[in-house]
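K.L.:
Just passing along the structure, written as structure tokens.
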Amino acid sequence: MTHSPDWLQIHRGDAPLIISFPHTGTELPDELVGHFVSPWLARRDADWWVHELYAFAARELGATTVRTAVSRSVIDVNRDPSGVSLYPGQNTTGLCPTTTFDNQPLYRDGHAPDDAEIQRRRQTWFDPYHAALSEEIARLREQHDTVVVYDAHSIRSLIPHLFDGQLPQFNIGSAGPSGAPDTSCDNALTDVVENLCAMSGLGHVRNGRFKGGWITRHYSDTAGGVHTLQMELGCRGYMHEPAPADVNEHSWPTPYDPDHAEPVRNTLQQVLRACLDFASRRNA
């Protein structure tokens with residue numbers, strides 16, 4: 001493996017499990033800071049503290065982790081690079097977002113990225129992230145017949161521009177229509193993950209508003225031994241979340257609270273162990 005840039009953080013484990021963190025980054029390149037309406041707005045929609053919430057995975061489970069420290073407002077490494085919407089007919093954000101989740105402009109007038117700038121960002125940050133993720137999948141597939149790629153996310157629980165009502169704490173995405181067979185992984189894996197989320201007593205849904213982004217859909221190769229799954233967490237499950245009208249640069253993000261996060265973290269530990277058990281049975 002070639003030397004990784006500082007913003008691309010890779011921890012290598014030997015278990016048949018990779019955890020991808022495409023949206024926990026908050027870094028804004030110096031040359032772009034002045035283009036945004038404000039640095040806070042450009043960082044606001046990060047998946048706050050998710051890599052800390054899952055810190056046990058590398059330490060206790062031997063998982064491999066791949067994380068970009070760069071803000072999704074610079075480039076979203078979980079979007080189709082062709083620009084095709086992953087959620088046709090629904091409000092969403094693109095490869096280089098120009099609006100926030102609440103449909104506020106991210107850029108000052110005349111500073112939104114043009115095609116050449118989008119291509120530059122893709123070459124600088126998107127392509128290296130996916131080269132690393134592909135390399136880790138290939139490395140583990142040399143050791144194991146079956147590997148699970150788990151894409152870890154979170155989002156504020158109430159965002160009217162993106163979805164109606166309050167999002168469940170656990171949103172499981174396997175790239176399948178609601179109630180239909182999973183397409184990104186074996187149904188047996190999603191069944192056990194869903195059961196564990198249900199046993200938590202917290203809200204959960206399978207292939208609801210968030211069915212899995214480009215990472216979940218692109219890397220799935222069940223015939224080739226790669227099963228992918230996305231978990232989108234409602235932020236209120238692991239951090240204190242203000243009402244939508246109260247979200248501002250003084251109130252958001254709230255600090256990571258390990259005690260508040262404990263119930264969700266316990267369920268996530270069970271979920272990731274189930275992913276390992278699934279892969280291990282396939283590898284036996």
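We label chains A, B, ... in the order they appear in the structure tokens, count residues from 1 in each chain, and number ligands from 1 in the order shown.
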List the spatial neighbours of Leu32 of chain A as JSON, numbers by chain - criterion: any atom at most 12 Å away, only C-alpha atoms, same-chain residues fewer than 6 positions off excluded.
P.N.:
{"A": [38, 39, 42, 70, 71, 73, 74, 75, 106, 107, 108, 111, 112, 113, 117, 121]}
K.L.:
For Ile10 of chain A, work out the shell of residues within 7 Å, counting only C-alpha atoms and skipping chain neighbours fewer than 6 positions away, then give it as a ChimeraX atom specification.
P.N.:
/A:65-67
K.L.:
Grab the residues selected above and save them as a PDB file, in the first residue's frame with N, CA, C and O atoms.
P.N.:
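Result saved to out.pdb:
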```pdb
ATOM      1  N   THR A  65     -10.710  -0.060   9.361  1.00  0.00           N
ATOM      2  CA  THR A  65     -11.501   1.156   9.216  1.00  0.00           C
ATOM      3  C   THR A  65     -10.871   2.070   8.167  1.00  0.00           C
ATOM      4  O   THR A  65      -9.652   2.148   8.064  1.00  0.00           O
ATOM      5  N   VAL A  66     -11.719   2.738   7.400  1.00  0.00           N
ATOM      6  CA  VAL A  66     -11.283   3.705   6.390  1.00  0.00           C
ATOM      7  C   VAL A  66     -12.101   4.969   6.608  1.00  0.00           C
ATOM      8  O   VAL A  66     -13.337   4.930   6.598  1.00  0.00           O
ATOM      9  N   ARG A  67     -11.411   6.103   6.815  1.00  0.00           N
ATOM     10  CA  ARG A  67     -12.084   7.362   7.137  1.00  0.00           C
ATOM     11  C   ARG A  67     -11.440   8.518   6.383  1.00  0.00           C
ATOM     12  O   ARG A  67     -10.217   8.585   6.269  1.00  0.00           O
TER      13      ARG A  67
END
```
K.L.:
With only C-alpha atoms as the basis for distance, which of A:Ser20, A:Thr146, A:Thr267, A:Ser134 is at the shortest distance from Gly224 of chain A?
P.N.:
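So, comparing all the options, the nearest one is A:Thr146.
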K.L.:
Please provide as a list in words all residues within 8 Å of Glu136 of chain A, with the sequence filter that same-chain residues fewer than 3 positions apart are discarded (counting only C-alpha atoms).
P.N.:
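After dropping sequence-adjacent residues, the list is Arg12, Ile18, Thr64, Ala132, Leu133, Arg139 and Leu140 of chain A.
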K.L.:
What's the 10 Å shell around Pro5 of chain A, counting only C-alpha atoms, without same-chain residues fewer than 6 positions away, as a VMD selection string?
P.N.:
chain A and resid 68 125 128
K.L.:
Would you pick out the contacts of Cys197 of chain A at 7 Å or less, using only C-alpha atoms, so that residues sharing its chain but fewer than 4 positions from it are not included, and give the list as a list in words?
P.N.:
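Non-adjacent residues within range: Phe170, Val193, His204 and Thr267 of chain A.
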K.L.:
As a PyMOL selection string, please: every residue in segment 117-164 of chain A that DSSP puts in helix (DSSP H, G or I).
P.N.:
chain A and resi 117-143
K.L.:
Mind the document's chain letters and residue numbers, and return as a PyMOL selection string the residues of segment 61-184 of chain A that DSSP labels strand (DSSP E or B).
P.N.:
chain A and resi 64-68+70+99+105+107+147-155+170-173
K.L.:
Skipping near chain neighbours, those fewer than 5 positions away, what residues fall within 12 Å of Glu60 of chain A using only C-alpha atoms, listed as a PDB file with all heavy atoms, in the first residue's frame?
P.N.:
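Writing the result to part_8.pdb gives the following:
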```pdb
ATOM      1  N   GLY A  13      -6.996  -4.147  10.079  1.00  0.00           N
ATOM      2  CA  GLY A  13      -7.208  -5.323  10.904  1.00  0.00           C
ATOM      3  C   GLY A  13      -7.266  -6.544   9.998  1.00  0.00           C
ATOM      4  O   GLY A  13      -7.245  -6.409   8.771  1.00  0.00           O
ATOM      5  N   ASP A  14      -7.353  -7.710  10.592  1.00  0.00           N
ATOM      6  CA  ASP A  14      -7.384  -8.938   9.800  1.00  0.00           C
ATOM      7  C   ASP A  14      -8.731  -9.661   9.862  1.00  0.00           C
ATOM      8  O   ASP A  14      -8.897 -10.697   9.226  1.00  0.00           O
ATOM      9  CB  ASP A  14      -6.268  -9.883  10.260  1.00  0.00           C
ATOM     10  CG  ASP A  14      -4.884  -9.357   9.900  1.00  0.00           C
ATOM     11  OD1 ASP A  14      -4.745  -8.809   8.788  1.00  0.00           O
ATOM     12  OD2 ASP A  14      -3.954  -9.483  10.722  1.00  0.00           O
ATOM     13  N   ALA A  15      -9.673  -9.141  10.632  1.00  0.00           N
ATOM     14  CA  ALA A  15     -11.010  -9.735  10.659  1.00  0.00           C
ATOM     15  C   ALA A  15     -11.731  -9.428   9.344  1.00  0.00           C
ATOM     16  O   ALA A  15     -11.405  -8.447   8.659  1.00  0.00           O
ATOM     17  CB  ALA A  15     -11.804  -9.175  11.836  1.00  0.00           C
ATOM     18  N   TYR A  54     -17.807   4.227  17.190  1.00  0.00           N
ATOM     19  CA  TYR A  54     -17.394   2.899  16.735  1.00  0.00           C
ATOM     20  C   TYR A  54     -15.923   2.592  17.046  1.00  0.00           C
ATOM     21  O   TYR A  54     -15.372   1.635  16.491  1.00  0.00           O
ATOM     22  CB  TYR A  54     -17.583   2.774  15.223  1.00  0.00           C
ATOM     23  CG  TYR A  54     -19.002   2.607  14.749  1.00  0.00           C
ATOM     24  CD1 TYR A  54     -19.773   3.706  14.369  1.00  0.00           C
ATOM     25  CD2 TYR A  54     -19.570   1.343  14.634  1.00  0.00           C
ATOM     26  CE1 TYR A  54     -21.070   3.556  13.901  1.00  0.00           C
ATOM     27  CE2 TYR A  54     -20.867   1.168  14.164  1.00  0.00           C
ATOM     28  CZ  TYR A  54     -21.610   2.281  13.791  1.00  0.00           C
ATOM     29  OH  TYR A  54     -22.893   2.123  13.319  1.00  0.00           O
ATOM     30  N   ALA A  55     -15.296   3.370  17.909  1.00  0.00           N
ATOM     31  CA  ALA A  55     -13.865   3.179  18.165  1.00  0.00           C
ATOM     32  C   ALA A  55     -13.550   1.785  18.679  1.00  0.00           C
ATOM     33  O   ALA A  55     -12.439   1.276  18.475  1.00  0.00           O
ATOM     34  CB  ALA A  55     -13.364   4.227  19.154  1.00  0.00           C
ATOM     35  N   GLN A 269     -22.311  -2.809  19.033  1.00  0.00           N
ATOM     36  CA  GLN A 269     -21.348  -3.878  19.307  1.00  0.00           C
ATOM     37  C   GLN A 269     -21.933  -5.227  18.917  1.00  0.00           C
ATOM     38  O   GLN A 269     -21.252  -6.067  18.309  1.00  0.00           O
ATOM     39  CB  GLN A 269     -20.950  -3.863  20.784  1.00  0.00           C
ATOM     40  CG  GLN A 269     -20.053  -2.702  21.166  1.00  0.00           C
ATOM     41  CD  GLN A 269     -19.784  -2.633  22.655  1.00  0.00           C
ATOM     42  OE1 GLN A 269     -20.681  -2.842  23.473  1.00  0.00           O
ATOM     43  NE2 GLN A 269     -18.548  -2.341  23.024  1.00  0.00           N
ATOM     44  N   LEU A 272     -22.102  -5.452  14.997  1.00  0.00           N
ATOM     45  CA  LEU A 272     -20.828  -5.747  14.338  1.00  0.00           C
ATOM     46  C   LEU A 272     -20.354  -7.161  14.641  1.00  0.00           C
ATOM     47  O   LEU A 272     -19.745  -7.825  13.777  1.00  0.00           O
ATOM     48  CB  LEU A 272     -19.779  -4.720  14.736  1.00  0.00           C
ATOM     49  CG  LEU A 272     -20.009  -3.302  14.213  1.00  0.00           C
ATOM     50  CD1 LEU A 272     -18.798  -2.425  14.525  1.00  0.00           C
ATOM     51  CD2 LEU A 272     -20.288  -3.282  12.715  1.00  0.00           C
ATOM     52  N   ARG A 273     -20.627  -7.666  15.834  1.00  0.00           N
ATOM     53  CA  ARG A 273     -20.291  -9.060  16.121  1.00  0.00           C
ATOM     54  C   ARG A 273     -21.118 -10.005  15.253  1.00  0.00           C
ATOM     55  O   ARG A 273     -20.633 -11.046  14.802  1.00  0.00           O
ATOM     56  CB  ARG A 273     -20.506  -9.364  17.605  1.00  0.00           C
ATOM     57  CG  ARG A 273     -19.485  -8.677  18.512  1.00  0.00           C
ATOM     58  CD  ARG A 273     -19.613  -9.116  19.962  1.00  0.00           C
ATOM     59  NE  ARG A 273     -18.735  -8.320  20.817  1.00  0.00           N
ATOM     60  CZ  ARG A 273     -17.445  -8.535  20.972  1.00  0.00           C
ATOM     61  NH1 ARG A 273     -16.864  -9.554  20.333  1.00  0.00           N
ATOM     62  NH2 ARG A 273     -16.718  -7.764  21.766  1.00  0.00           N
ATOM     63  N   LEU A 276     -19.491 -10.145  11.915  1.00  0.00           N
ATOM     64  CA  LEU A 276     -18.336 -11.048  11.961  1.00  0.00           C
ATOM     65  C   LEU A 276     -18.779 -12.500  12.006  1.00  0.00           C
ATOM     66  O   LEU A 276     -18.180 -13.362  11.345  1.00  0.00           O
ATOM     67  CB  LEU A 276     -17.469 -10.728  13.173  1.00  0.00           C
ATOM     68  CG  LEU A 276     -16.544  -9.525  13.054  1.00  0.00           C
ATOM     69  CD1 LEU A 276     -15.837  -9.270  14.377  1.00  0.00           C
ATOM     70  CD2 LEU A 276     -15.521  -9.731  11.943  1.00  0.00           C
TER      71      LEU A 276
END
```
K.L.:
Using only C-alpha atoms, pick whichever of A:His51, A:Thr24, A:Leu229, A:Val192 has the shortest atom-to-atom distance to Trp214 of chain A.
P.N.:
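Ranked by minimum distance to Trp214 of chain A, first place goes to A:Leu229.
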K.L.:
Identify, on the basis of only C-alpha atoms, every residue whose closest approach to Leu233 of chain A does not exceed 10 Å; exclude the query and any residue fewer than 3 positions from it along the same chain; express the result as a ChimeraX atom specification.
P.N.:
/A:47,50,152-157,167-172,204,230,236-238,264
K.L.:
Selected residues, N, CA, C and O atoms, written as a compact mmCIF listing (two decimals), in the first residue's frame, please.
P.N.:
```
# COMPACT_ATOMS: atom_id res chain seq x y z
N ASP A 47 -21.33 13.65 10.01
CA ASP A 47 -21.82 12.55 10.86
C ASP A 47 -21.04 12.64 12.18
O ASP A 47 -20.09 11.90 12.42
N VAL A 50 -19.26 9.88 14.93
CA VAL A 50 -19.55 8.48 14.60
C VAL A 50 -18.30 7.61 14.68
O VAL A 50 -18.37 6.46 15.14
N ALA A 152 -20.83 3.38 8.00
CA ALA A 152 -21.33 3.96 9.24
C ALA A 152 -21.68 5.44 9.06
O ALA A 152 -20.84 6.24 8.63
N HIS A 153 -22.92 5.80 9.44
CA HIS A 153 -23.44 7.14 9.23
C HIS A 153 -24.30 7.60 10.40
O HIS A 153 -24.74 6.80 11.23
N SER A 154 -24.59 8.91 10.41
CA SER A 154 -25.62 9.45 11.30
C SER A 154 -26.16 10.74 10.68
O SER A 154 -25.55 11.32 9.77
N ILE A 155 -27.27 11.18 11.20
CA ILE A 155 -27.91 12.40 10.69
C ILE A 155 -28.86 12.93 11.77
O ILE A 155 -29.35 12.16 12.60
N ARG A 156 -29.09 14.24 11.77
CA ARG A 156 -30.07 14.78 12.69
C ARG A 156 -31.43 14.11 12.48
O ARG A 156 -31.81 13.79 11.35
N SER A 157 -32.14 13.91 13.56
CA SER A 157 -33.36 13.11 13.52
C SER A 157 -34.54 13.82 12.86
O SER A 157 -35.51 13.17 12.44
N LEU A 167 -36.84 10.58 12.30
CA LEU A 167 -36.16 9.39 11.82
C LEU A 167 -35.95 8.40 12.97
O LEU A 167 -35.61 8.80 14.08
N PRO A 168 -36.12 7.09 12.74
CA PRO A 168 -35.79 6.11 13.77
C PRO A 168 -34.31 6.19 14.15
O PRO A 168 -33.49 6.67 13.38
N GLN A 169 -33.98 5.67 15.35
CA GLN A 169 -32.57 5.69 15.76
C GLN A 169 -31.70 4.81 14.87
O GLN A 169 -30.55 5.15 14.59
N PHE A 170 -32.23 3.66 14.43
CA PHE A 170 -31.46 2.75 13.59
C PHE A 170 -32.12 2.64 12.22
O PHE A 170 -33.28 2.23 12.10
N ASN A 171 -31.37 3.01 11.17
CA ASN A 171 -31.87 2.95 9.79
C ASN A 171 -30.94 2.05 9.00
O ASN A 171 -29.81 2.42 8.67
N ILE A 172 -31.41 0.84 8.73
CA ILE A 172 -30.60 -0.19 8.09
C ILE A 172 -30.81 -0.13 6.60
O ILE A 172 -31.94 -0.17 6.11
N HIS A 204 -36.43 1.54 14.73
CA HIS A 204 -35.59 1.02 13.64
C HIS A 204 -36.45 0.86 12.38
O HIS A 204 -37.67 0.76 12.45
N GLN A 230 -25.40 -0.53 5.16
CA GLN A 230 -25.28 0.83 5.71
C GLN A 230 -26.11 0.93 6.99
O GLN A 230 -27.22 0.39 7.07
N ARG A 236 -30.00 11.62 17.84
CA ARG A 236 -30.49 11.69 19.21
C ARG A 236 -30.20 10.42 20.00
O ARG A 236 -30.22 10.42 21.23
N GLY A 237 -29.91 9.33 19.31
CA GLY A 237 -29.62 8.08 20.00
C GLY A 237 -28.29 8.09 20.74
O GLY A 237 -28.10 7.30 21.67
N TYR A 238 -27.36 8.97 20.32
CA TYR A 238 -26.05 8.93 20.96
C TYR A 238 -25.51 10.32 21.32
O TYR A 238 -24.41 10.43 21.87
N VAL A 264 -27.03 2.79 22.54
CA VAL A 264 -26.81 2.62 21.10
C VAL A 264 -25.51 1.89 20.84
O VAL A 264 -25.44 0.99 19.99
```
